[in-house]
Structures are given as C-alpha cells and as structure tokens.
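Report on one structure; see the data block that follows.
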Amino acid sequence: MSYEQQVKQRFERIAKLNPKVNAFVELFHEQALQTARQCDQSEPCGPLHGVPISIKECYALQGTATTINYPPLRNYRADKTSMLVQRLIDAGAVIVGKSNVPALLADAQTFGPLYPTANNPYDLSRTPGGSTGGGAAALAAGLVDLELGSDIGGSIRNPSHFCGLYGLKPTENGHAHDGHIPPLPGHDVGIHMMNSTGPLARDAVRLRQAYDILYQPDWQQRFYLPVARPQHQPESLAGYRFGYLDNFMGLGAGSEVARAMEKTIADLRAKGAMVERIRLDEQLARRLLTLWVELFGFVMGQTLSWPVRKLVYWQYSKLLKRSSLPATKALRSGLGLSLKRLSAALKERDEVIAEVNRLYAQVDVVISPTSLGPAFPHNHKHESIMLDGEKVPYVDYCFPFVMLYNLTGQPVLTVPTGLTDKGLPVGLSFAAKHHQEPTLLHLAQLLEDAGYQHTPPQLEV
C-alpha cells in the first residue's frame with residue numbers, strides 16, 4: 001500500500017472517530033496527502049518516512065492556529081515552525097493535524113473555551129488527560145502513530161497513563177526558543193524551567209525513534225547538548241535494581257493502580273530484578289510540592305498581565321485549598337514575580353534535587369503511580385474525584401507523583417500495564433537519573449517484549 005493510501009485511510013478513520021473523541025482541532029488534509037505522495041516518489045529520507053503523526057496545538061507550525069485554547073490568542077497563527085516540528089518533518093513524518101489542549105495547557109484534562117472537550121477512547125465519558133490529551137486520544141484511537149507533547153506537571157505522563165501509551169518526559173529540556181507556547185508570543189522572556197518536550201507512542205520502537213530524531217545537539221543555540229552520563233542497559237530485566245515509591249505525604253494509589261503496581265513489582269522480581277521500597281519523608285515531599293507550585297506560578301505568570309495573574313491565582317488557589325497539599329502561599333509567591341524570591345527558590349531547588357539524587361542513588365529506576373487512579377469522568381468544575389468509594393481532591397488525585405519529577409528535572413518513562421476490570425488503562429511511571437534517557441528507552445523495549453504493551457480500545461468505527 002502506498003503512503004498516500006495509508007494517509008487516506010487515516011483520514012477516513014479520523015472522519016469517523018474524531019467527532020467522538022475530539023482529538024484534533026485542526027487537520028491538514030491536502031498538505032498531508034501531498035507530503036505522502038512525495039514520500040511515495042522519493043527514497044526514504046529518515047526513520048519516520050511516510051509515518052502519520054500529530055503535534056500538540058501549542059507547537060508552532062507556520063500558518064496554523066497556535067492558540068493554546070486561550071481566547072486572547074484566538075486569531076494567532078504561527079509565523080514560523082518549531083525546530084522540533086521541523087526535525088520530525090525532515091525525518092519524513094506526515095503531519096496529519098494539531099491535537100487538542102486545555103486552556104493555557106494548565107489542566108490534567110482537556111477542555112476550554114475555544115475547542116470541544118476531548119474524550120477518552122476507552123470511555124467517552126472520561127478524560128484522556130491533559131495537557132497532551134488530544135494527542136493521547138488520537139494515538140489510542142489509532143488515528144496517528146506518534147504525538148509530540150510537552151510536560152510541566154504530568155502533561156505527557158497522565159495522558160499516557162489514561163490512554164495506555166508509552167510516553168517519555170525527558171530530563172528537563174524546554175527552551176524559550178524551541179517553538180513551544182508558552183511562553184506567549186510577543187513577550188521577550190527567557191526564563192524556562194521544569195518543562196520538558198517529549199514524544200508519546202503506542203510502542204517502544206517508535207518512542208525511541210522520535211527521541212533520537214528530536215534531540216540531536218544544536219550547537220549554535222546550545223540545545224540538547226550531549227552529557228557523558230553512564231547508562232544502564234542490561235540484557236534482561238534481571239539486571240535492573242528497581243525502587244518503588246508508593247506514598248507522597250500520606251497519599252497513595254487507589255486499588256486499581258495499586259494492583260497494577262503490585263503485579264508489576266511481582267513480575268519484575270520473578271524475572272530476577274531487585275525491587276526495594278523508597279521512602280520520601282514528609283518534609284522533603286512538602287519542599288518538593290511547594291517549590292513546584294511556586295516555580296510553576298513564576299513560569300506561567302511571566303507573560304501574563306497582573307489582572308490575569310490574579311485570575312489564575314483565584315482559580316488555582318481554590319483547588320489547592322480543597323487539597324491536602326498546602327501550597328497556596330507558594331502559588332501567590334510565584335505569581336508575584338519577585339526576582340529575589342525566584343533566586344531563593346532556585347537555590348532551594350538545587351538542594352532538594354541533590355537530596356532526591358542521594359535517596360535514589362542505590363537503584364537504577366524508581367517505579368511510582370502516575371495519578372492515584374485511572375481516567376476520571378469529565379470534571380470541568382474540578383470537583384473531588386471518587387476513588388474506592390471516597391472523594392479525593394482533584395489536585396491530590398492528579399499531581400503529587402508527577403510534579404515531583406518536573407521539580408527535580410529527572411527523565412520519566414510511562415509504561416502501559418494493562419486494563420482495569422472496567423476496561424480503563426493504567427500506566428506506571430519509571431524514573432531514572434538525569435540524562436539517562438537511553439536507560440529508560442532500553443527498559444521500555446525490555447518491558448514491551450515482556451508483555452507491557454498497548455491494548456487498543458474497543459471503539460466502534
């Protein structure tokens with residue numbers, strides 16, 4: 001079958017399924033078919049030659065809407081193409097369209113004022129996660145083979161978990177000039193921290209291909225420079241020393257995710273791997289949480305006017321007050337944009353990263369929940385979520401085990417472990433030391449070979 005025929009088939013599937021899942025907010029039908037025809041007429045130009053992919057709406061692609069579901073950017077069209085998107089194009093990818101995102105990319109579900117609510121292909125009444133929710137839904141529904149996502153608070157990992165995918169949040173790698181919004185267009189700001197760009201895929205091979213393409217060194221701009229860090233790549237799972245983290249300030253996974261963790265740990269031990277529990281003391285956990293909230297406030301607030309920052313504080317402080325995780329003062333501090341306070345927070349961040357590194361020093365990879373439970377029903381008011389018969393605050397359910405690694409900057413792999421009794425995916429997080437992406441990608445292939453694979457949804461066409 002020609003590449004053009006394959007892409008036509010994807011558009012036929014999109015026409016039938018996108019009205020159900022709302023994965024795409026913009027499609028490039030004619031341009032994609034033209035690219036596919038060119039692929040048919042030329043020698044392979046890279047590992048993604050003819051492969052249909054999606055890109056998160058927040059990435060600049062010249063002439064396309066890049067609004068991040070935020071009304072002030074309603075009419076914004078990118079005037080250039082992101083360097084990351086261009087690398088995928090140069091590797092032969094066929095960009096089918098742009099995927100759905102929540103407003104300002106600031107939610108664990110995907111809805112907002114400009115675009116329809118994205119639905120989970122495994123249960124349309126539930127969220128596919130956020131903020132890379134549209135791309136995760138597109139992948140799970142078989143509409144594309146790869147998504148370019150981003151993550152400052154679980155935005156690659158929660159969608160991968162909710163949709164049964166492989167996802168990689170690399171070591172902190174976001175840059176003000178990589179073609180990702182935020183920062184908002186027209187604002188001359190350059191402080192970037194905690195954000196990572198990264199791929200989502202249904203399988204480990206495609207994930208590795210995407211990573212290798214996206215993050216070749218750019219010596220002129222000094223992006224993605226190589227770090228001579230030893231990697232751990234044994235021939236089998238028996239060669240790994242795993243830790244597992246199952247508690248964050250008294251919060252632990254619900255029964256469905258806990259069963260997936262227990263099964264995975266037992267499976268790894270049966271294959272000869274060493275697995276031991278990691279304990280994060282409450283004082284360190286509290287510092288990690290409050291620093292993430294404070295720095296998130298600064299990163300988000302640096303391109304927003306004071307009235308909008310006040311609105312953001314009002315919205316998110318309500319969520320934090322309902323949570324068991326005390327961080328409203330930290331949010332106010334971050335949105336205040338005090339340079340002196342930022343300097344102090346960055347110093348403290350270095351201290352807690354060193355402390356976590358010491359804690360993880362004796363293991364190769366640490367396993368943890370991604371969120372406390374599987375994908376939850378649509379929840380536009382951010383009410384508490386039912387988990388094992390009890391109401392859990394929204395923030396507690398979605399963020400503790402993901403924001404931890406945005407604050408430390410470590411790379412994290414999300415791995416599908418199967419479906420719950422209700423047919424919902426569960427994905428666990430596997431965190432390595434800084435700049436050990438090859439370690440995680442090698443692990444991903446071993447786990448996939450051992451049966452940790454994407455299970456397609458039973459979605460009627």
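Each chain of the structure tokens is named A, B, ... in the order shown, its residues numbered from 1; ligands are numbered from 1 in display order.
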Q.
Please list as a PyMOL selection string every residue within 8 Å of Gly135 in chain A, counting only C-alpha atoms and excluding residues in the same chain fewer than 5 positions away.
A. chain A and resi 23-24+54-56+99-100+147-149
Check your understanding: Which residues in range 34-281 of chain A does DSSP call strand (DSSP E or B)? List them as JSON, numbers by chain.
Key -> {"A": [52, 53, 54, 55, 56, 59, 65, 77, 94, 95, 96, 97, 98, 99, 120, 123, 126, 147, 148, 149, 150, 151, 166, 167, 168, 169, 180, 196, 197, 198, 199, 200, 201, 218, 223, 241, 242, 243, 244, 248, 251, 274, 275, 276, 277]}
Please produce, as JSON lines, a per-residue contact table for range 50-154 of chain A versus range 166-173 of chain A (criterion: any atom at most 9 Å away, only C-alpha atoms considered), showing the nearest atom pair and its distance in Å to one decimal, sorted by chain then residue number.
```
{"residue": "A:Gly149", "atom": "CA", "partner": "A:Lys169", "partner_atom": "CA", "distance": 8.9}
{"residue": "A:Ser150", "atom": "CA", "partner": "A:Lys169", "partner_atom": "CA", "distance": 7.6}
{"residue": "A:Asp151", "atom": "CA", "partner": "A:Lys169", "partner_atom": "CA", "distance": 6.7}
{"residue": "A:Gly154", "atom": "CA", "partner": "A:Lys169", "partner_atom": "CA", "distance": 8.5}
```
Residue set, range 336-423 of chain A restricted to helix (DSSP H, G or I), as a ChimeraX atom specification:
/A:339-359,394-398,400-408
Output the selection as a tab-separated table (two decimals), in the first residue's frame - N, CA, C and O atoms for each residue.
```tsv
chain	number	residue	atom	x	y	z
A	339	LEU	N	11.97	38.73	41.74
A	339	LEU	CA	13.25	38.19	41.32
A	339	LEU	C	14.04	37.65	42.52
A	339	LEU	O	14.68	36.61	42.43
A	340	LYS	N	13.96	38.35	43.65
A	340	LYS	CA	14.68	37.91	44.84
A	340	LYS	C	14.14	36.56	45.31
A	340	LYS	O	14.89	35.65	45.64
A	341	ARG	N	12.80	36.43	45.31
A	341	ARG	CA	12.21	35.17	45.76
A	341	ARG	C	12.51	34.04	44.76
A	341	ARG	O	12.76	32.90	45.15
A	342	LEU	N	12.54	34.37	43.46
A	342	LEU	CA	12.88	33.38	42.46
A	342	LEU	C	14.30	32.86	42.69
A	342	LEU	O	14.55	31.65	42.63
A	343	SER	N	15.22	33.75	42.96
A	343	SER	CA	16.61	33.36	43.20
A	343	SER	C	16.70	32.41	44.39
A	343	SER	O	17.40	31.38	44.34
A	344	ALA	N	15.97	32.71	45.45
A	344	ALA	CA	15.98	31.85	46.64
A	344	ALA	C	15.35	30.50	46.33
A	344	ALA	O	15.83	29.45	46.80
A	345	ALA	N	14.27	30.49	45.54
A	345	ALA	CA	13.60	29.24	45.20
A	345	ALA	C	14.49	28.35	44.33
A	345	ALA	O	14.52	27.13	44.51
A	346	LEU	N	15.23	28.95	43.41
A	346	LEU	CA	16.14	28.17	42.57
A	346	LEU	C	17.28	27.56	43.39
A	346	LEU	O	17.70	26.43	43.13
A	347	LYS	N	17.76	28.31	44.37
A	347	LYS	CA	18.79	27.77	45.26
A	347	LYS	C	18.24	26.57	46.03
A	347	LYS	O	18.89	25.53	46.15
A	348	GLU	N	17.02	26.71	46.55
A	348	GLU	CA	16.42	25.60	47.29
A	348	GLU	C	16.14	24.42	46.37
A	348	GLU	O	16.27	23.26	46.77
A	349	ARG	N	15.76	24.71	45.13
A	349	ARG	CA	15.53	23.62	44.18
A	349	ARG	C	16.79	22.78	44.00
A	349	ARG	O	16.73	21.54	43.99
A	350	ASP	N	17.94	23.42	43.85
A	350	ASP	CA	19.19	22.68	43.71
A	350	ASP	C	19.42	21.78	44.92
A	350	ASP	O	19.90	20.64	44.79
A	351	GLU	N	19.06	22.26	46.10
A	351	GLU	CA	19.27	21.49	47.33
A	351	GLU	C	18.38	20.24	47.35
A	351	GLU	O	18.85	19.14	47.70
A	352	VAL	N	17.11	20.40	47.00
A	352	VAL	CA	16.21	19.24	47.07
A	352	VAL	C	16.50	18.24	45.94
A	352	VAL	O	16.34	17.03	46.13
A	353	ILE	N	16.96	18.72	44.79
A	353	ILE	CA	17.36	17.79	43.73
A	353	ILE	C	18.53	16.93	44.21
A	353	ILE	O	18.53	15.70	44.01
A	354	ALA	N	19.49	17.55	44.87
A	354	ALA	CA	20.63	16.78	45.39
A	354	ALA	C	20.16	15.77	46.43
A	354	ALA	O	20.66	14.63	46.49
A	355	GLU	N	19.17	16.15	47.24
A	355	GLU	CA	18.66	15.23	48.26
A	355	GLU	C	17.93	14.04	47.62
A	355	GLU	O	18.10	12.90	48.05
A	356	VAL	N	17.14	14.29	46.60
A	356	VAL	CA	16.46	13.19	45.90
A	356	VAL	C	17.49	12.31	45.21
A	356	VAL	O	17.38	11.07	45.22
A	357	ASN	N	18.50	12.90	44.61
A	357	ASN	CA	19.55	12.10	43.97
A	357	ASN	C	20.22	11.15	44.97
A	357	ASN	O	20.53	10.00	44.64
A	358	ARG	N	20.47	11.65	46.18
A	358	ARG	CA	21.07	10.79	47.22
A	358	ARG	C	20.11	9.65	47.58
A	358	ARG	O	20.53	8.50	47.77
A	359	LEU	N	18.82	9.98	47.66
A	359	LEU	CA	17.83	8.98	48.04
A	359	LEU	C	17.73	7.86	47.00
A	359	LEU	O	17.52	6.69	47.33
A	394	TYR	N	-9.18	16.98	43.69
A	394	TYR	CA	-8.69	16.94	42.31
A	394	TYR	C	-7.16	17.00	42.24
A	394	TYR	O	-6.52	16.19	41.55
A	395	VAL	N	-6.57	17.94	42.95
A	395	VAL	CA	-5.11	18.10	42.92
A	395	VAL	C	-4.43	16.86	43.47
A	395	VAL	O	-3.42	16.39	42.92
A	396	ASP	N	-4.96	16.30	44.56
A	396	ASP	CA	-4.37	15.12	45.16
A	396	ASP	C	-4.39	13.94	44.19
A	396	ASP	O	-3.45	13.14	44.14
A	397	TYR	N	-5.47	13.80	43.44
A	397	TYR	CA	-5.65	12.68	42.52
A	397	TYR	C	-4.66	12.75	41.36
A	397	TYR	O	-4.10	11.73	40.94
A	398	CYS	N	-4.42	13.96	40.85
A	398	CYS	CA	-3.73	14.12	39.57
A	398	CYS	C	-2.23	14.41	39.65
A	398	CYS	O	-1.49	14.01	38.74
A	400	PRO	N	0.51	14.78	42.63
A	400	PRO	CA	1.68	14.57	43.50
A	400	PRO	C	2.81	13.75	42.89
A	400	PRO	O	3.99	14.11	43.01
A	401	PHE	N	2.50	12.63	42.23
A	401	PHE	CA	3.54	11.75	41.74
A	401	PHE	C	4.12	12.18	40.40
A	401	PHE	O	5.09	11.57	39.92
A	402	VAL	N	3.54	13.21	39.77
A	402	VAL	CA	4.12	13.71	38.52
A	402	VAL	C	4.90	15.01	38.72
A	402	VAL	O	5.98	15.18	38.17
A	403	MET	N	4.34	15.93	39.54
A	403	MET	CA	5.03	17.22	39.71
A	403	MET	C	6.40	17.01	40.37
A	403	MET	O	7.33	17.80	40.16
A	404	LEU	N	6.51	15.95	41.15
A	404	LEU	CA	7.78	15.61	41.79
A	404	LEU	C	8.93	15.64	40.79
A	404	LEU	O	10.00	16.23	41.03
A	405	TYR	N	8.72	15.02	39.62
A	405	TYR	CA	9.81	14.88	38.65
A	405	TYR	C	9.96	16.08	37.72
A	405	TYR	O	10.99	16.22	37.06
A	406	ASN	N	8.95	16.94	37.66
A	406	ASN	CA	9.16	18.23	36.99
A	406	ASN	C	10.06	19.11	37.84
A	406	ASN	O	10.92	19.84	37.33
A	407	LEU	N	9.88	19.03	39.16
A	407	LEU	CA	10.71	19.83	40.06
A	407	LEU	C	12.15	19.34	40.04
A	407	LEU	O	13.08	20.14	39.97
A	408	THR	N	12.35	18.02	40.08
A	408	THR	CA	13.73	17.51	40.07
A	408	THR	C	14.34	17.52	38.68
A	408	THR	O	15.56	17.49	38.54
```
note - CA of Ala204 in chain A and CA of His161 in chain A are separated by 14.7 Å
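The space between CA of Ser305 in chain A and CA of Ser317 in chain A spans 17.8 Å.
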Name the residues in contact with Gln209 in chain A at a cut-off of 12 Å, using only C-alpha atoms, excluding same-chain residues fewer than 4 positions from it; report them as a ChimeraX atom specification. /A:46-49,51,87-88,91-93,145-146,168,198-201,203-205,213-216,438,441
**OP:** Extract, using only C-alpha atoms, all DNA, RNA and protein residues at most 9 Å from Pro182 in chain A, discarding same-chain residues fewer than 5 positions from it, and format them as a ChimeraX atom specification.
**Re:** /A:58,68,104-105,176,299-300,303
> If we count only C-alpha atoms, what is near His29 in chain A at a cut-off of 9 Å, once residues fewer than 5 positions away on the same chain are taken out, given as a ChimeraX atom specification?
Replying inline: /A:8,11,34,96-97
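Neighbouring residues of range 424-435 of chain A at 6 Å or closer, counting only C-alpha atoms and skipping chain neighbours under 2 positions away, are His161, Phe162, Cys163, Gly164, Thr171, Val365, Val366, Ile367, Ser368, Pro369, Thr370, Pro374, Gln410, Pro411, Val412, Leu413, Thr414, Val415, Pro416, Thr417, Gly418, Leu419, Thr420, Lys422 and Glu437 of chain A.
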Saved selection, atoms kept: N, CA and C atoms, as a PDB file, in the first residue's frame:
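Now in out.pdb:
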```
ATOM      1  N   HIS A 161      -0.779   7.496  30.701  1.00  0.00           N
ATOM      2  CA  HIS A 161      -1.379   6.597  31.696  1.00  0.00           C
ATOM      3  C   HIS A 161      -2.857   6.378  31.409  1.00  0.00           C
ATOM      4  N   PHE A 162      -3.607   7.454  31.167  1.00  0.00           N
ATOM      5  CA  PHE A 162      -5.054   7.350  30.963  1.00  0.00           C
ATOM      6  C   PHE A 162      -5.411   6.666  29.642  1.00  0.00           C
ATOM      7  N   CYS A 163      -4.468   6.653  28.678  1.00  0.00           N
ATOM      8  CA  CYS A 163      -4.773   6.119  27.348  1.00  0.00           C
ATOM      9  C   CYS A 163      -3.920   4.906  26.968  1.00  0.00           C
ATOM     10  N   GLY A 164      -3.199   4.331  27.932  1.00  0.00           N
ATOM     11  CA  GLY A 164      -2.488   3.085  27.683  1.00  0.00           C
ATOM     12  C   GLY A 164      -1.325   3.187  26.724  1.00  0.00           C
ATOM     13  N   THR A 171      14.733  14.412  30.587  1.00  0.00           N
ATOM     14  CA  THR A 171      15.370  15.357  31.503  1.00  0.00           C
ATOM     15  C   THR A 171      15.003  16.775  31.062  1.00  0.00           C
ATOM     16  N   VAL A 365      16.266   2.616  38.632  1.00  0.00           N
ATOM     17  CA  VAL A 365      14.997   3.193  38.198  1.00  0.00           C
ATOM     18  C   VAL A 365      14.012   3.110  39.356  1.00  0.00           C
ATOM     19  N   VAL A 366      13.171   4.146  39.500  1.00  0.00           N
ATOM     20  CA  VAL A 366      12.157   4.164  40.556  1.00  0.00           C
ATOM     21  C   VAL A 366      10.769   4.123  39.925  1.00  0.00           C
ATOM     22  N   ILE A 367       9.954   3.168  40.369  1.00  0.00           N
ATOM     23  CA  ILE A 367       8.588   2.988  39.876  1.00  0.00           C
ATOM     24  C   ILE A 367       7.631   3.718  40.813  1.00  0.00           C
ATOM     25  N   SER A 368       6.624   4.358  40.245  1.00  0.00           N
ATOM     26  CA  SER A 368       5.608   5.027  41.068  1.00  0.00           C
ATOM     27  C   SER A 368       4.295   5.103  40.306  1.00  0.00           C
ATOM     28  N   PRO A 369       3.200   5.392  41.017  1.00  0.00           N
ATOM     29  CA  PRO A 369       1.962   5.691  40.299  1.00  0.00           C
ATOM     30  C   PRO A 369       2.155   6.926  39.426  1.00  0.00           C
ATOM     31  N   THR A 370       1.287   7.101  38.465  1.00  0.00           N
ATOM     32  CA  THR A 370       1.270   8.335  37.679  1.00  0.00           C
ATOM     33  C   THR A 370       0.228   9.271  38.279  1.00  0.00           C
ATOM     34  N   PRO A 374      -7.230   5.563  37.548  1.00  0.00           N
ATOM     35  CA  PRO A 374      -7.311   5.662  36.085  1.00  0.00           C
ATOM     36  C   PRO A 374      -8.065   6.914  35.650  1.00  0.00           C
ATOM     37  N   GLN A 410      14.112  15.108  36.432  1.00  0.00           N
ATOM     38  CA  GLN A 410      14.532  13.768  36.001  1.00  0.00           C
ATOM     39  C   GLN A 410      13.708  13.268  34.818  1.00  0.00           C
ATOM     40  N   PRO A 411      14.286  12.358  34.017  1.00  0.00           N
ATOM     41  CA  PRO A 411      13.518  11.745  32.932  1.00  0.00           C
ATOM     42  C   PRO A 411      12.589  10.671  33.483  1.00  0.00           C
ATOM     43  N   VAL A 412      11.393  10.567  32.888  1.00  0.00           N
ATOM     44  CA  VAL A 412      10.395   9.593  33.347  1.00  0.00           C
ATOM     45  C   VAL A 412       9.744   8.936  32.136  1.00  0.00           C
ATOM     46  N   LEU A 413       9.669   7.629  32.198  1.00  0.00           N
ATOM     47  CA  LEU A 413       9.000   6.818  31.182  1.00  0.00           C
ATOM     48  C   LEU A 413       7.659   6.355  31.728  1.00  0.00           C
ATOM     49  N   THR A 414       6.590   6.520  30.948  1.00  0.00           N
ATOM     50  CA  THR A 414       5.293   5.953  31.301  1.00  0.00           C
ATOM     51  C   THR A 414       5.098   4.667  30.507  1.00  0.00           C
ATOM     52  N   VAL A 415       4.681   3.611  31.213  1.00  0.00           N
ATOM     53  CA  VAL A 415       4.576   2.276  30.617  1.00  0.00           C
ATOM     54  C   VAL A 415       3.169   1.734  30.816  1.00  0.00           C
ATOM     55  N   PRO A 416       2.502   1.274  29.752  1.00  0.00           N
ATOM     56  CA  PRO A 416       1.176   0.668  29.912  1.00  0.00           C
ATOM     57  C   PRO A 416       1.286  -0.692  30.596  1.00  0.00           C
ATOM     58  N   THR A 417       0.419  -0.927  31.589  1.00  0.00           N
ATOM     59  CA  THR A 417       0.472  -2.199  32.325  1.00  0.00           C
ATOM     60  C   THR A 417      -0.759  -3.057  32.090  1.00  0.00           C
ATOM     61  N   GLY A 418      -1.716  -2.568  31.283  1.00  0.00           N
ATOM     62  CA  GLY A 418      -2.934  -3.324  31.049  1.00  0.00           C
ATOM     63  C   GLY A 418      -4.162  -2.523  31.425  1.00  0.00           C
ATOM     64  N   LEU A 419      -5.319  -3.204  31.472  1.00  0.00           N
ATOM     65  CA  LEU A 419      -6.596  -2.558  31.726  1.00  0.00           C
ATOM     66  C   LEU A 419      -7.171  -2.987  33.070  1.00  0.00           C
ATOM     67  N   THR A 420      -7.954  -2.102  33.673  1.00  0.00           N
ATOM     68  CA  THR A 420      -8.680  -2.438  34.891  1.00  0.00           C
ATOM     69  C   THR A 420      -9.891  -3.304  34.535  1.00  0.00           C
ATOM     70  N   LYS A 422     -12.791  -2.405  34.623  1.00  0.00           N
ATOM     71  CA  LYS A 422     -13.711  -1.543  33.880  1.00  0.00           C
ATOM     72  C   LYS A 422     -13.205  -1.219  32.482  1.00  0.00           C
ATOM     73  N   GLU A 437      18.061   8.979  29.576  1.00  0.00           N
ATOM     74  CA  GLU A 437      17.009   8.579  28.638  1.00  0.00           C
ATOM     75  C   GLU A 437      17.329   7.260  27.932  1.00  0.00           C
TER      76      GLU A 437
END
```
Worksheet entry | Distance query range 38-41 of chain A at most 10 Å, only C-alpha atoms, self and fewer than 2 positions along chain excluded, as a ChimeraX atom specification | /A:1-5,32-36,43-45,49-51,92-94
Those same residues - N, CA, C and O atoms - I'd like them written as a compact mmCIF listing (two decimals), in the first residue's frame.
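This went into result-v3.txt:
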```txt
# COMPACT_ATOMS: atom_id res chain seq x y z
N MET A 1 0.84 -1.19 0.00
CA MET A 1 0.00 0.00 0.00
C MET A 1 0.88 1.25 0.00
O MET A 1 1.86 1.32 0.75
N SER A 2 0.54 2.23 -0.81
CA SER A 2 1.33 3.46 -0.89
C SER A 2 1.14 4.29 0.38
O SER A 2 0.17 4.13 1.12
N TYR A 3 2.09 5.21 0.58
CA TYR A 3 1.95 6.12 1.72
C TYR A 3 0.69 6.98 1.56
O TYR A 3 -0.01 7.27 2.54
N GLU A 4 0.40 7.39 0.34
CA GLU A 4 -0.81 8.19 0.11
C GLU A 4 -2.06 7.41 0.51
O GLU A 4 -2.96 7.96 1.16
N GLN A 5 -2.12 6.13 0.15
CA GLN A 5 -3.28 5.32 0.52
C GLN A 5 -3.37 5.15 2.04
O GLN A 5 -4.47 5.21 2.62
N ALA A 32 -1.09 17.03 3.97
CA ALA A 32 -0.62 15.70 4.38
C ALA A 32 -0.61 14.74 3.20
O ALA A 32 0.34 13.95 3.04
N LEU A 33 -1.64 14.78 2.36
CA LEU A 33 -1.68 13.90 1.19
C LEU A 33 -0.57 14.25 0.20
O LEU A 33 0.03 13.36 -0.41
N GLN A 34 -0.30 15.54 0.07
CA GLN A 34 0.79 15.95 -0.82
C GLN A 34 2.13 15.43 -0.30
O GLN A 34 2.96 14.92 -1.08
N THR A 35 2.34 15.54 1.01
CA THR A 35 3.58 15.02 1.61
C THR A 35 3.68 13.52 1.43
O THR A 35 4.75 12.98 1.12
N ALA A 36 2.54 12.82 1.58
CA ALA A 36 2.54 11.36 1.41
C ALA A 36 2.89 10.98 -0.03
O ALA A 36 3.63 10.01 -0.27
N GLU A 43 13.17 8.45 -2.26
CA GLU A 43 13.83 7.49 -1.38
C GLU A 43 13.55 7.89 0.08
O GLU A 43 13.33 9.06 0.38
N PRO A 44 13.56 6.92 1.01
CA PRO A 44 13.33 7.25 2.42
C PRO A 44 14.30 8.33 2.90
O PRO A 44 15.51 8.25 2.67
N CYS A 45 13.74 9.35 3.54
CA CYS A 45 14.56 10.47 3.99
C CYS A 45 14.83 10.41 5.49
O CYS A 45 15.54 11.28 6.03
N HIS A 49 9.75 8.20 7.60
CA HIS A 49 9.32 8.39 6.21
C HIS A 49 7.89 7.87 6.01
O HIS A 49 7.61 6.67 6.14
N GLY A 50 6.95 8.79 5.74
CA GLY A 50 5.57 8.43 5.48
C GLY A 50 4.72 8.14 6.70
O GLY A 50 3.55 7.75 6.55
N VAL A 51 5.26 8.32 7.90
CA VAL A 51 4.53 7.97 9.12
C VAL A 51 3.57 9.11 9.50
O VAL A 51 4.01 10.27 9.65
N GLY A 92 10.82 12.74 7.64
CA GLY A 92 9.86 12.10 6.76
C GLY A 92 8.44 12.02 7.28
O GLY A 92 7.56 11.47 6.61
N ALA A 93 8.17 12.55 8.48
CA ALA A 93 6.84 12.43 9.06
C ALA A 93 5.80 13.19 8.25
O ALA A 93 6.08 14.24 7.65
N VAL A 94 4.59 12.66 8.24
CA VAL A 94 3.44 13.32 7.62
C VAL A 94 2.56 13.86 8.74
O VAL A 94 1.95 13.09 9.49
```
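Closest approach to Ser196 in chain A from the set A:Ile156, A:Ser131, A:His177, A:Leu114 is made by A:Ile156, with distances taken over only C-alpha atoms.
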